[in-house]
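To be precise, the following lines are structure.txt, and they hold compact mmCIF, C-alpha atoms and all ligand atoms.
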# COMPACT_ATOMS: atom_id res chain seq x y z
CA MET Q 1 -77.02 -104.36 -49.67
CA THR Q 2 -77.33 -106.22 -52.93
CA ALA Q 3 -76.02 -104.60 -56.12
CA ALA Q 4 -77.66 -101.29 -56.96
CA VAL Q 5 -77.28 -98.91 -59.86
CA SER Q 6 -76.64 -95.24 -59.15
CA ARG Q 7 -78.01 -92.18 -60.95
CA THR Q 8 -75.13 -92.30 -63.49
CA GLY Q 9 -75.56 -96.04 -64.09
CA THR Q 10 -72.67 -97.02 -61.82
CA ARG Q 11 -72.89 -100.45 -60.16
CA VAL Q 12 -72.67 -100.08 -56.39
CA GLU Q 13 -72.28 -103.11 -54.15
CA ARG Q 14 -71.47 -103.75 -50.50
CA LEU Q 15 -68.65 -106.28 -50.57
CA PRO Q 16 -65.85 -107.61 -48.34
CA LEU Q 17 -62.62 -105.87 -49.35
CA SER Q 18 -60.74 -109.11 -48.57
CA ARG Q 19 -61.82 -110.12 -52.09
CA PHE Q 20 -59.89 -107.22 -53.55
CA THR Q 21 -56.66 -107.31 -51.51
CA THR Q 22 -53.65 -109.55 -52.18
CA LEU Q 23 -53.37 -110.08 -48.39
CA GLY Q 24 -56.93 -111.44 -48.42
CA VAL Q 25 -57.93 -109.32 -45.41
CA GLY Q 26 -60.52 -106.54 -45.09
CA GLY Q 27 -64.12 -106.02 -44.00
CA GLU Q 28 -67.01 -104.63 -45.99
CA ALA Q 29 -67.40 -101.35 -47.84
CA GLU Q 30 -69.61 -99.87 -50.51
CA VAL Q 31 -67.72 -100.50 -53.75
CA TRP Q 32 -68.43 -98.21 -56.72
CA PHE Q 33 -67.48 -99.85 -60.03
CA VAL Q 34 -66.86 -96.60 -61.89
CA GLU Q 35 -66.84 -96.74 -65.69
CA SER Q 36 -67.13 -93.11 -66.80
CA PRO Q 37 -66.13 -89.55 -65.86
CA GLU Q 38 -69.76 -88.93 -64.84
CA GLY Q 39 -69.76 -92.00 -62.61
CA LEU Q 40 -66.50 -90.88 -61.03
CA ALA Q 41 -67.86 -87.40 -60.35
CA GLU Q 42 -70.94 -88.92 -58.70
CA ALA Q 43 -68.87 -91.32 -56.56
CA MET Q 44 -66.78 -88.37 -55.38
CA GLU Q 45 -69.82 -86.49 -54.06
CA ARG Q 46 -69.32 -88.23 -50.67
CA PRO Q 47 -66.11 -89.26 -48.84
CA TYR Q 48 -64.26 -91.89 -50.86
CA ARG Q 49 -61.12 -93.95 -51.19
CA VAL Q 50 -59.53 -95.31 -54.36
CA LEU Q 51 -58.86 -99.01 -54.75
CA GLY Q 52 -56.41 -100.31 -57.33
CA GLY Q 53 -55.13 -103.89 -57.35
CA GLY Q 54 -55.26 -103.95 -53.53
CA SER Q 55 -51.63 -105.07 -53.52
CA ASN Q 56 -50.35 -102.54 -51.00
CA LEU Q 57 -53.31 -102.45 -48.61
CA VAL Q 58 -54.00 -103.64 -45.09
CA VAL Q 59 -57.73 -103.03 -44.63
CA SER Q 60 -59.37 -103.14 -41.21
CA ASP Q 61 -61.52 -106.14 -40.39
CA ALA Q 62 -64.37 -103.65 -39.84
CA GLY Q 63 -64.01 -102.36 -43.40
CA VAL Q 64 -64.19 -98.63 -44.15
CA PRO Q 65 -67.16 -96.25 -44.07
CA GLU Q 66 -66.19 -94.34 -47.23
CA ARG Q 67 -67.20 -95.21 -50.76
CA VAL Q 68 -64.51 -97.33 -52.41
CA ILE Q 69 -63.91 -96.42 -56.05
CA ARG Q 70 -62.82 -99.21 -58.39
CA LEU Q 71 -62.01 -98.15 -61.96
CA SER Q 72 -63.80 -100.53 -64.34
CA GLY Q 73 -65.10 -100.89 -67.91
CA PRO Q 74 -63.54 -98.32 -70.26
CA LEU Q 75 -61.37 -97.03 -67.38
CA ALA Q 76 -59.73 -100.48 -67.33
CA GLU Q 77 -59.08 -100.61 -71.09
CA ARG Q 78 -55.95 -99.77 -73.08
CA ASP Q 79 -55.14 -98.27 -76.47
CA LEU Q 80 -51.50 -98.94 -77.28
CA THR Q 81 -51.71 -97.53 -80.81
CA PRO Q 82 -48.77 -95.20 -81.39
CA ASP Q 83 -49.81 -91.55 -81.64
CA PRO Q 84 -48.42 -90.51 -85.06
CA ALA Q 85 -48.05 -86.88 -84.01
CA LEU Q 86 -45.85 -87.70 -80.99
CA SER Q 87 -44.10 -90.96 -81.91
CA THR Q 88 -40.75 -91.25 -83.72
CA PRO Q 89 -38.92 -94.33 -85.12
CA GLU Q 90 -37.14 -94.62 -81.74
CA CYS Q 91 -39.95 -93.71 -79.32
CA VAL Q 92 -43.65 -94.63 -79.18
CA VAL Q 93 -46.19 -92.48 -77.37
CA THR Q 94 -49.32 -94.62 -76.92
CA GLY Q 95 -53.00 -93.82 -76.74
CA TRP Q 96 -54.70 -93.83 -73.32
CA VAL Q 97 -54.26 -96.68 -70.85
CA GLY Q 98 -56.92 -96.81 -68.12
CA GLY Q 99 -55.95 -96.56 -64.45
CA GLY Q 100 -57.85 -99.82 -63.85
CA VAL Q 101 -55.71 -101.87 -66.27
CA PRO Q 102 -53.83 -104.71 -64.49
CA LEU Q 103 -50.12 -103.94 -64.74
CA PRO Q 104 -48.81 -107.54 -65.20
CA GLY Q 105 -50.79 -108.10 -68.44
CA LEU Q 106 -49.77 -104.69 -69.77
CA VAL Q 107 -46.07 -105.43 -69.13
CA ARG Q 108 -46.38 -108.77 -70.98
CA GLN Q 109 -48.15 -107.10 -73.90
CA LEU Q 110 -45.47 -104.40 -74.20
CA GLN Q 111 -42.77 -107.09 -74.19
CA LYS Q 112 -44.47 -108.87 -77.11
CA LEU Q 113 -44.61 -105.55 -78.98
CA GLY Q 114 -40.89 -104.98 -78.31
CA LEU Q 115 -41.59 -101.73 -76.44
CA SER Q 116 -39.24 -100.96 -73.56
CA GLY Q 117 -39.89 -98.81 -70.47
CA LEU Q 118 -42.01 -100.75 -67.99
CA GLU Q 119 -40.30 -104.17 -67.96
CA GLY Q 120 -38.56 -103.40 -64.64
CA THR Q 121 -42.00 -103.51 -62.98
CA VAL Q 122 -42.61 -107.16 -63.92
CA GLY Q 123 -44.20 -109.14 -61.10
CA ILE Q 124 -45.89 -106.16 -59.42
CA PRO Q 125 -49.56 -107.18 -59.04
CA ALA Q 126 -50.92 -103.61 -59.20
CA GLN Q 127 -53.28 -101.71 -61.45
CA VAL Q 128 -51.78 -98.97 -63.60
CA GLY Q 129 -53.36 -96.18 -61.48
CA GLY Q 130 -52.09 -97.59 -58.18
CA ALA Q 131 -48.64 -98.28 -59.63
CA VAL Q 132 -48.41 -94.69 -60.88
CA TRP Q 133 -49.66 -93.30 -57.57
CA MET Q 134 -46.89 -95.21 -55.68
CA ASN Q 135 -44.35 -95.07 -58.52
CA ALA Q 136 -44.03 -98.80 -58.01
CA GLY Q 137 -40.80 -100.35 -59.20
CA THR Q 138 -37.69 -102.36 -58.59
CA ARG Q 139 -34.02 -101.61 -59.00
CA TYR Q 140 -34.54 -102.51 -62.68
CA GLY Q 141 -37.05 -99.76 -63.35
CA GLU Q 142 -40.16 -97.99 -62.13
CA MET Q 143 -43.48 -96.67 -63.48
CA PHE Q 144 -42.20 -93.17 -64.11
CA ASP Q 145 -39.69 -94.63 -66.62
CA GLY Q 146 -42.53 -95.14 -69.07
CA LEU Q 147 -44.97 -92.25 -68.60
CA HIS Q 148 -45.80 -89.49 -71.05
CA THR Q 149 -48.98 -87.98 -69.54
CA VAL Q 150 -50.96 -88.67 -66.39
CA GLU Q 151 -54.62 -87.72 -66.08
CA ILE Q 152 -55.67 -86.87 -62.53
CA VAL Q 153 -59.26 -86.32 -61.42
CA THR Q 154 -60.43 -84.68 -58.18
CA PRO Q 155 -63.84 -83.32 -57.16
CA GLU Q 156 -62.51 -79.94 -58.37
CA GLY Q 157 -61.79 -81.10 -61.91
CA THR Q 158 -59.49 -82.94 -64.30
CA ARG Q 159 -55.90 -82.11 -65.26
CA GLN Q 160 -53.29 -83.75 -67.40
CA VAL Q 161 -49.67 -83.50 -66.27
CA THR Q 162 -46.30 -84.70 -67.52
CA PRO Q 163 -43.90 -86.52 -65.15
CA ASP Q 164 -41.61 -83.46 -64.92
CA GLU Q 165 -44.50 -81.56 -63.30
CA LEU Q 166 -44.59 -84.05 -60.39
CA PRO Q 167 -42.06 -84.41 -57.53
CA TRP Q 168 -41.79 -88.17 -58.00
CA GLY Q 169 -39.12 -90.38 -56.42
CA TYR Q 170 -38.59 -93.76 -54.78
CA ARG Q 171 -42.06 -95.23 -54.14
CA GLN Q 172 -43.80 -91.87 -54.49
CA SER Q 173 -45.40 -89.91 -57.32
CA GLY Q 174 -46.14 -86.68 -55.46
CA ILE Q 175 -49.81 -87.09 -56.43
CA PRO Q 176 -51.89 -86.34 -53.31
CA ARG Q 177 -54.06 -89.06 -51.77
CA ASN Q 178 -57.52 -89.42 -53.33
CA HIS Q 179 -56.46 -87.64 -56.52
CA VAL Q 180 -57.55 -90.35 -58.95
CA VAL Q 181 -55.21 -91.44 -61.74
CA THR Q 182 -57.87 -92.25 -64.33
CA ARG Q 183 -55.60 -92.92 -67.33
CA VAL Q 184 -52.07 -92.43 -68.64
CA ARG Q 185 -50.25 -92.27 -71.95
CA LEU Q 186 -47.02 -94.22 -72.12
CA SER Q 187 -43.71 -93.14 -73.64
CA LEU Q 188 -41.70 -96.21 -74.65
CA THR Q 189 -38.45 -96.94 -76.44
CA VAL Q 190 -38.65 -99.08 -79.56
CA SER Q 191 -36.69 -102.28 -78.89
CA THR Q 192 -37.22 -105.98 -79.66
CA PRO Q 193 -39.30 -108.61 -77.82
CA GLY Q 194 -36.11 -110.57 -77.06
CA ALA Q 195 -34.25 -107.62 -75.56
CA VAL Q 196 -37.25 -106.58 -73.43
CA LEU Q 197 -37.70 -110.20 -72.27
CA ALA Q 198 -34.03 -110.38 -71.21
CA ARG Q 199 -34.49 -107.30 -68.99
CA MET Q 200 -37.75 -108.73 -67.61
CA ASP Q 201 -35.92 -111.94 -66.69
CA LEU Q 202 -33.33 -109.96 -64.71
CA ALA Q 203 -36.07 -108.22 -62.70
CA ASP Q 204 -37.85 -111.56 -62.24
CA GLN Q 205 -34.68 -113.20 -60.89
CA ALA Q 206 -34.55 -110.58 -58.12
CA ARG Q 207 -37.95 -111.90 -56.93
CA LYS Q 208 -36.93 -115.51 -56.56
CA GLY Q 209 -36.46 -115.13 -52.80
CA GLN Q 210 -39.88 -113.54 -52.21
CA PRO Q 211 -42.69 -115.56 -50.60
CA LYS Q 212 -45.50 -116.88 -52.81
CA MET Q 213 -48.28 -116.61 -50.22
CA LYS Q 214 -50.98 -113.95 -49.75
CA THR Q 215 -49.21 -110.69 -48.91
CA PRO Q 216 -49.27 -106.95 -49.63
CA GLY Q 217 -45.60 -106.94 -50.72
CA CYS Q 218 -42.89 -105.21 -48.69
CA ALA Q 219 -44.09 -103.75 -45.39
CA PHE Q 220 -41.50 -100.96 -45.11
CA LYS Q 221 -39.62 -98.77 -47.58
CA ASN Q 222 -35.87 -99.28 -47.71
CA PRO Q 223 -34.31 -96.58 -45.50
CA GLY Q 224 -31.50 -94.79 -47.32
CA GLY Q 225 -30.88 -97.60 -49.79
CA VAL Q 226 -30.44 -100.29 -47.08
CA SER Q 227 -32.79 -103.28 -47.39
CA ALA Q 228 -35.46 -103.04 -44.69
CA GLY Q 229 -35.76 -106.81 -45.11
CA LYS Q 230 -32.13 -107.26 -44.09
CA LEU Q 231 -32.61 -105.00 -41.04
CA ILE Q 232 -35.68 -106.99 -39.92
CA ASP Q 233 -33.84 -110.24 -40.58
CA ASP Q 234 -30.79 -109.03 -38.61
CA ALA Q 235 -33.15 -108.27 -35.70
CA GLY Q 236 -33.98 -111.99 -35.67
CA LEU Q 237 -37.63 -111.56 -36.59
CA LYS Q 238 -38.08 -113.98 -39.51
CA GLY Q 239 -40.76 -116.53 -38.64
CA THR Q 240 -42.39 -114.35 -35.94
CA ARG Q 241 -46.11 -115.10 -35.91
CA VAL Q 242 -49.16 -113.31 -34.51
CA GLY Q 243 -52.46 -115.13 -35.11
CA GLY Q 244 -52.62 -115.94 -38.81
CA ALA Q 245 -49.91 -113.47 -39.88
CA LEU Q 246 -46.24 -114.37 -40.22
CA ILE Q 247 -42.99 -112.54 -41.00
CA ALA Q 248 -41.94 -114.61 -43.99
CA PRO Q 249 -38.98 -116.93 -43.48
CA GLU Q 250 -38.01 -116.28 -47.13
CA HIS Q 251 -37.78 -112.46 -46.86
CA ALA Q 252 -38.27 -110.53 -43.62
CA ASN Q 253 -39.91 -107.45 -45.18
CA PHE Q 254 -42.91 -109.57 -46.25
CA ILE Q 255 -45.79 -110.36 -43.91
CA VAL Q 256 -47.89 -113.26 -45.19
CA ASN Q 257 -51.38 -114.52 -44.41
CA LEU Q 258 -51.21 -118.14 -43.28
CA GLY Q 259 -55.01 -118.28 -43.55
CA GLY Q 260 -57.40 -116.49 -41.23
CA ALA Q 261 -55.08 -113.53 -40.57
CA THR Q 262 -56.75 -110.32 -39.40
CA ALA Q 263 -55.64 -106.72 -39.90
CA ALA Q 264 -55.01 -106.61 -36.14
CA ASP Q 265 -52.52 -109.51 -36.48
CA VAL Q 266 -50.62 -107.59 -39.18
CA HIS Q 267 -50.63 -104.38 -37.11
CA ALA Q 268 -49.19 -106.31 -34.15
CA LEU Q 269 -46.32 -107.62 -36.31
CA LEU Q 270 -45.64 -104.10 -37.64
CA ASP Q 271 -45.40 -102.86 -34.02
CA ILE Q 272 -42.98 -105.66 -33.12
CA ILE Q 273 -40.77 -104.79 -36.11
CA ARG Q 274 -40.74 -101.07 -35.26
CA ALA Q 275 -39.84 -101.84 -31.64
CA ARG Q 276 -37.04 -104.26 -32.51
CA VAL Q 277 -35.30 -102.65 -35.51
CA GLY Q 278 -32.85 -99.98 -34.42
CA VAL Q 279 -33.61 -97.43 -37.17
CA PRO Q 280 -36.90 -95.67 -37.96
CA LEU Q 281 -38.74 -97.43 -40.77
CA GLU Q 282 -41.32 -95.78 -43.03
CA LEU Q 283 -44.35 -97.93 -43.78
CA GLU Q 284 -44.82 -98.85 -47.45
CA TYR Q 285 -48.21 -100.50 -46.87
CA GLU Q 286 -51.23 -98.32 -46.73
CA LEU Q 287 -53.49 -98.93 -43.73
CA TRP Q 288 -57.26 -98.49 -44.20
CA PRO Q 289 -58.29 -96.63 -42.06
CA GLY Q 290 -54.95 -94.93 -41.47
CA GLN Q 291 -53.40 -94.57 -38.05
CA GLY Q 292 -55.32 -91.95 -36.09
CA GLU Q 293 -58.38 -92.23 -38.39
CA PRO Q 294 -61.59 -93.61 -36.85
P1 LIG S 1 -53.71 -100.42 -54.03
O1 LIG S 1 -52.94 -101.34 -53.16
O2 LIG S 1 -55.10 -100.77 -54.36
O3 LIG S 1 -53.67 -98.95 -53.39
C1 LIG S 1 -52.46 -98.41 -52.92
C2 LIG S 1 -52.59 -96.89 -52.92
O4 LIG S 1 -52.75 -96.44 -54.26
C3 LIG S 1 -53.83 -96.36 -52.17
O5 LIG S 1 -53.52 -95.11 -51.60
C4 LIG S 1 -54.84 -96.17 -53.27
O6 LIG S 1 -55.84 -95.22 -52.93
C5 LIG S 1 -53.93 -95.66 -54.37
N1 LIG S 1 -54.51 -95.88 -55.70
C6 LIG S 1 -54.86 -97.05 -56.25
N2 LIG S 1 -55.35 -96.85 -57.49
C7 LIG S 1 -55.31 -95.52 -57.70
C8 LIG S 1 -55.67 -94.66 -58.78
N3 LIG S 1 -56.21 -95.14 -59.90
N4 LIG S 1 -55.48 -93.34 -58.62
C9 LIG S 1 -54.95 -92.81 -57.49
N5 LIG S 1 -54.60 -93.56 -56.44
C10 LIG S 1 -54.77 -94.90 -56.55
N6 LIG S 1 -44.26 -102.57 -55.09
C11 LIG S 1 -43.14 -102.09 -55.67
O7 LIG S 1 -43.00 -100.87 -55.79
N7 LIG S 1 -42.17 -102.92 -56.14
C12 LIG S 1 -42.28 -104.28 -56.08
O8 LIG S 1 -41.38 -104.98 -56.51
C13 LIG S 1 -43.47 -104.82 -55.50
N8 LIG S 1 -43.63 -106.16 -55.42
C14 LIG S 1 -44.79 -106.64 -54.90
C15 LIG S 1 -44.98 -108.03 -54.87
C16 LIG S 1 -46.14 -108.56 -54.35
C17 LIG S 1 -46.35 -110.05 -54.36
C18 LIG S 1 -47.15 -107.70 -53.84
C19 LIG S 1 -48.44 -108.26 -53.30
C20 LIG S 1 -46.97 -106.34 -53.85
C21 LIG S 1 -45.79 -105.79 -54.37
N9 LIG S 1 -45.57 -104.41 -54.40
C22 LIG S 1 -44.44 -103.91 -55.00
C23 LIG S 1 -46.51 -103.48 -53.75
C24 LIG S 1 -47.66 -102.97 -54.64
O9 LIG S 1 -47.86 -103.81 -55.77
C25 LIG S 1 -47.42 -101.53 -55.10
O10 LIG S 1 -47.37 -100.66 -53.98
C26 LIG S 1 -48.48 -100.99 -56.05
O11 LIG S 1 -48.15 -99.69 -56.46
C27 LIG S 1 -49.90 -100.94 -55.46
O12 LIG S 1 -50.80 -100.68 -56.51
P2 LIG S 1 -52.33 -101.14 -56.45
O13 LIG S 1 -52.96 -100.83 -57.76
O14 LIG S 1 -52.44 -102.54 -56.00
O15 LIG S 1 -52.89 -100.13 -55.38
N1 LIG S 2 -31.94 -109.61 -47.28
C1 LIG S 2 -31.64 -110.31 -46.13
N2 LIG S 2 -32.71 -110.82 -45.43
C2 LIG S 2 -33.98 -110.68 -45.80
C3 LIG S 2 -34.27 -109.93 -46.98
C4 LIG S 2 -33.22 -109.41 -47.71
O1 LIG S 2 -30.50 -110.46 -45.74
O2 LIG S 2 -34.89 -111.17 -45.10
C5 LIG S 2 -30.79 -109.09 -48.07
C6 LIG S 2 -30.66 -109.87 -49.38
O3 LIG S 2 -29.90 -111.04 -49.19
C7 LIG S 2 -29.97 -108.86 -50.28
C8 LIG S 2 -30.51 -107.50 -49.78
O4 LIG S 2 -31.02 -107.75 -48.46
O5 LIG S 2 -28.58 -108.89 -50.09
C9 LIG S 2 -31.58 -106.93 -50.69
O6 LIG S 2 -32.69 -107.84 -50.77
P1 LIG S 2 -33.64 -107.91 -52.04
O7 LIG S 2 -32.82 -108.12 -53.27
O8 LIG S 2 -34.73 -108.88 -51.75
O9 LIG S 2 -34.23 -106.45 -52.18
P2 LIG S 2 -35.02 -105.55 -51.17
O10 LIG S 2 -34.30 -104.25 -51.10
O11 LIG S 2 -35.29 -106.26 -49.88
C10 LIG S 2 -36.51 -104.43 -52.99
C11 LIG S 2 -37.90 -103.90 -53.03
C12 LIG S 2 -38.88 -104.94 -53.54
C13 LIG S 2 -38.44 -105.42 -54.92
C14 LIG S 2 -37.03 -106.02 -54.77
C15 LIG S 2 -36.48 -106.52 -56.10
C16 LIG S 2 -38.31 -102.21 -51.33
C17 LIG S 2 -38.87 -101.92 -49.98
N3 LIG S 2 -38.34 -103.49 -51.70
O12 LIG S 2 -36.43 -105.39 -51.95
O13 LIG S 2 -40.14 -104.28 -53.69
O14 LIG S 2 -39.33 -106.39 -55.42
O15 LIG S 2 -36.14 -104.99 -54.26
O16 LIG S 2 -36.14 -105.45 -56.91
O17 LIG S 2 -37.87 -101.29 -52.02
C18 LIG S 2 -42.20 -103.77 -52.58
O18 LIG S 2 -41.87 -102.59 -52.64
O19 LIG S 2 -43.31 -104.13 -52.11
C19 LIG S 2 -41.29 -104.79 -53.07
C20 LIG S 2 -41.55 -106.08 -52.99

Can you turn what I pasted into structure tokens?
Ligand code: FAD
Ligand code: EPU
Amino acid sequence: MTAAVSRTGTRVERLPLSRFTTLGVGGEAEVWFVESPEGLAEAMERPYRVLGGGSNLVVSDAGVPERVIRLSGPLAERDLTPDPALSTPECVVTGWVGGGVPLPGLVRQLQKLGLSGLEGTVGIPAQVGGAVWMNAGTRYGEMFDGLHTVEIVTPEGTRQVTPDELPWGYRQSGIPRNHVVTRVRLSLTVSTPGAVLARMDLADQARKGQPKMKTPGCAFKNPGGVSAGKLIDDAGLKGTRVGGALIAPEHANFIVNLGGATAADVHALLDIIRARVGVPLELEYELWPGQGEP
């Protein structure tokens, strides 16, 4: 299918999802470049999935049959103007930041403005919506450190919630799958560009040992505060290769694409890790389709 325009003016195109994932793997799907609430409602009339920065996804080589929603246009724009009714000299509550905004650029912009709250997420190649959905973070801070309001859209309607209404925690927001984070307002502490930069540098330092190749980040969550990477390393699995996928020699919780990797290669490595590491590991990646799905 070439690009088409839907009833609400939404661009719809059949595209390889490998273009949208940091692993560089994934077959075709119908991608809906949604720019408005009306477009989102229309896209949700049939089964759908939500795509953010594609930085936590392992997508099947056959693609997925559902519509894939990609927040675009105004849903990928930001208004960082302080809300005078909610801001104080110490704390800024911003206007709306779209779920489709790339997180790295936002973090840099906040640093230049001397606003503190999200600098611990530096280096996470997500979109704001995906980072909120996962509560992405590092030991230096996470998304929920800087949120004031989250707007969530489902086929049933739209609601705005505050973080204390969600059961968020390590790598989870408590927002159910396919509830779309369309936009957020940020709550940030007034600081200085230099102080924010110093905290960003600390978080950046912690990444020095991570591989620079195509990857969806860490494969498994850290069980009970222990590094899953250390457990996989201790099992002697660094450098294990299946097809074009490799357990990174730099950090064992990263699987990288050497070029030409398939989703099946990555799944095979995940199975090897589960079989060889002595403790149960919870997957951090999201598999499209999920295990047990067609
Ligand atoms: P995607 O990968 O596109 O999707 C992931 C999930 O989020 C899917 O379920 C998807 O449906 C859902 N989703 C996406 N957008 C929305 C939305 N708008 N509304 C609702 N649901 C949505 N993670 C960390 O936590 N800490 C790190 O330090 C870290 N480092 C990384 C380093 C590298 C090099 C890479 C490649 C990844 C890293 N990650 C890290 C993993 C990844 O960036 C996070 O899991 C991130 O939250 C994924 O966001 P995304 O926008 O890319 O979402
Ligand atoms: N370690 C090893 N071998 C390895 C990997 C790590 O021995 O192969 C050891 C390190 O030497 C260190 C300890 O394990 O002593 C912790 O390693 P690291 O500092 O790399 O942190 P991590 O717990 O492995 C977590 C996050 C990363 C985040 C970094 C930096 C998880 C699953 N991982 O890694 O997040 O970037 O801290 O804050 O929570 C992600 O979630 O995708 C991700 C990349």

Please determine, counting only C-alpha atoms, which residue among Q:Ser187, Q:Gln172, Q:Ser18, Q:Thr215 has the shortest atom-to-atom distance to Glu90 in chain Q. Q:Ser187

Who sits within 9 Å of Gly130 in chain Q, all atoms listed in the file, same chain under 2 positions skipped, as a PyMOL selection string: chain Q and resi 50-56+99-100+126-128+132-136+181

Write the residues of the preceding selection, restricted to C-alpha atoms, as a short mmCIF file (atom, residue, chain, number, x, y, z; two decimals), keeping the file's coordinate frame.
data_model
loop_
_atom_site.label_atom_id
_atom_site.label_comp_id
_atom_site.auth_asym_id
_atom_site.auth_seq_id
_atom_site.Cartn_x
_atom_site.Cartn_y
_atom_site.Cartn_z
CA VAL Q 50 -59.53 -95.31 -54.36
CA LEU Q 51 -58.86 -99.01 -54.75
CA GLY Q 52 -56.41 -100.31 -57.33
CA GLY Q 53 -55.13 -103.89 -57.35
CA GLY Q 54 -55.26 -103.95 -53.53
CA SER Q 55 -51.63 -105.07 -53.52
CA ASN Q 56 -50.35 -102.54 -51.00
CA GLY Q 99 -55.95 -96.56 -64.45
CA GLY Q 100 -57.85 -99.82 -63.85
CA ALA Q 126 -50.92 -103.61 -59.20
CA GLN Q 127 -53.28 -101.71 -61.45
CA VAL Q 128 -51.78 -98.97 -63.60
CA VAL Q 132 -48.41 -94.69 -60.88
CA TRP Q 133 -49.66 -93.30 -57.57
CA MET Q 134 -46.89 -95.21 -55.68
CA ASN Q 135 -44.35 -95.07 -58.52
CA ALA Q 136 -44.03 -98.80 -58.01
CA VAL Q 181 -55.21 -91.44 -61.74
#

Figure out the distance between CA of Glu151 in chain Q and atom C7 of ligand LIG 1 (chain S), please, to one decimal in Å.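 Separating atom C7 of ligand LIG 1 (chain S) from CA of Glu151 in chain Q is a distance of 11.5 Å.
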
Pick from Q:Thr121, Q:Thr154, Q:Thr262, Q:Ser87: nearest to Tyr140 in chain Q, with only C-alpha atoms counted?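 Comparing Q:Thr121, Q:Thr154, Q:Thr262, Q:Ser87 against Tyr140 in chain Q, the winner is Q:Thr121.
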
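Residues in contact range of Gly73 in chain Q, defined as at most 8 Å between only C-alpha atoms, with sequence neighbours fewer than 2 positions away removed, read Val34, Glu35, Leu71, Leu75, Ala76 and Glu77 of chain Q.
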
Residue subset to file, keeping C-alpha atoms, as a PDB file, keeping the file's coordinate frame:
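Output file selection_21.pdb is given in full below:
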ATOM      1  CA  VAL Q  34     -66.860 -96.600 -61.890  1.00  0.00           C
ATOM      2  CA  GLU Q  35     -66.840 -96.740 -65.690  1.00  0.00           C
ATOM      3  CA  LEU Q  71     -62.010 -98.150 -61.960  1.00  0.00           C
ATOM      4  CA  LEU Q  75     -61.370 -97.030 -67.380  1.00  0.00           C
ATOM      5  CA  ALA Q  76     -59.730-100.480 -67.330  1.00  0.00           C
ATOM      6  CA  GLU Q  77     -59.080-100.610 -71.090  1.00  0.00           C
TER       7      GLU Q  77
END

Is it possible to get the axis-aligned box enclosing range 268-278 of chain Q (all listed atoms, 5 Å extra per side) as JSON, with centre and edge lengths in Å rounded to one decimal?
{"center_x": -41.0, "center_y": -103.8, "center_z": -34.6, "size_x": 26.3, "size_y": 17.6, "size_z": 16.0}

Expected selection as a ChimeraX atom specification for ligand LIG 2 (chain S) within 6 Å, all atoms listed in the file: /Q:138-139,206-207,217-218,220-222,227,229-230,233,251-252

List as a PyMOL selection string the protein and nucleic acid residues near Ala198 in chain Q, meaning an atom at most 10 Å away when only C-alpha atoms are counted, but skip any in the same chain fewer than 6 places from it. chain Q and resi 111+119+204

Selected residue, from Q:Gly225, Q:Gly209, Q:Gly39, Q:Gly27, that lies nearest to Gly63 in chain Q when counting only C-alpha atoms: Q:Gly27

At a cut-off of 9 Å from (-36.8, -102.9, -65.2) in the coordinates of the file, what residues are picked up using all atoms listed in the file, written as a PyMOL selection string? chain Q and resi 116-122+137-142+145+199-200+202-203

One decimal, in Å: what's the spacing between CA of Ile152 in chain Q and CA of Leu23 in chain Q? 27.3 Å

Name the residues in contact with Val58 in chain Q at a cut-off of 8 Å, using only C-alpha atoms, excluding same-chain residues fewer than 5 positions from it; report them as a list of chain:residue names. Q:Thr21, Q:Leu23, Q:Val25, Q:Gly26, Q:Pro216, Q:Ala263, Q:Val266, Q:Tyr285, Q:Glu286, Q:Leu287, Q:Trp288

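For the pair atom C17 of ligand LIG 1 (chain S) and CA of Lys212 in chain Q, the interatomic distance is 7.1 Å.
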
All residues 12 Å or closer to His267 in chain Q, only C-alpha atoms, same chain fewer than 4 positions away omitted, as a PyMOL selection string: chain Q and resi 57-61+219+241-247+255+261-263+271-274+283+285-291

Name the closest residue to ligand LIG 1 (chain S) among the candidates Q:Phe20, Q:Trp96, Q:Phe144, Q:Phe33; distances are taken between atoms, counting all atoms listed in the file.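 Smallest distance to ligand LIG 1 (chain S) is found for Q:Phe20.
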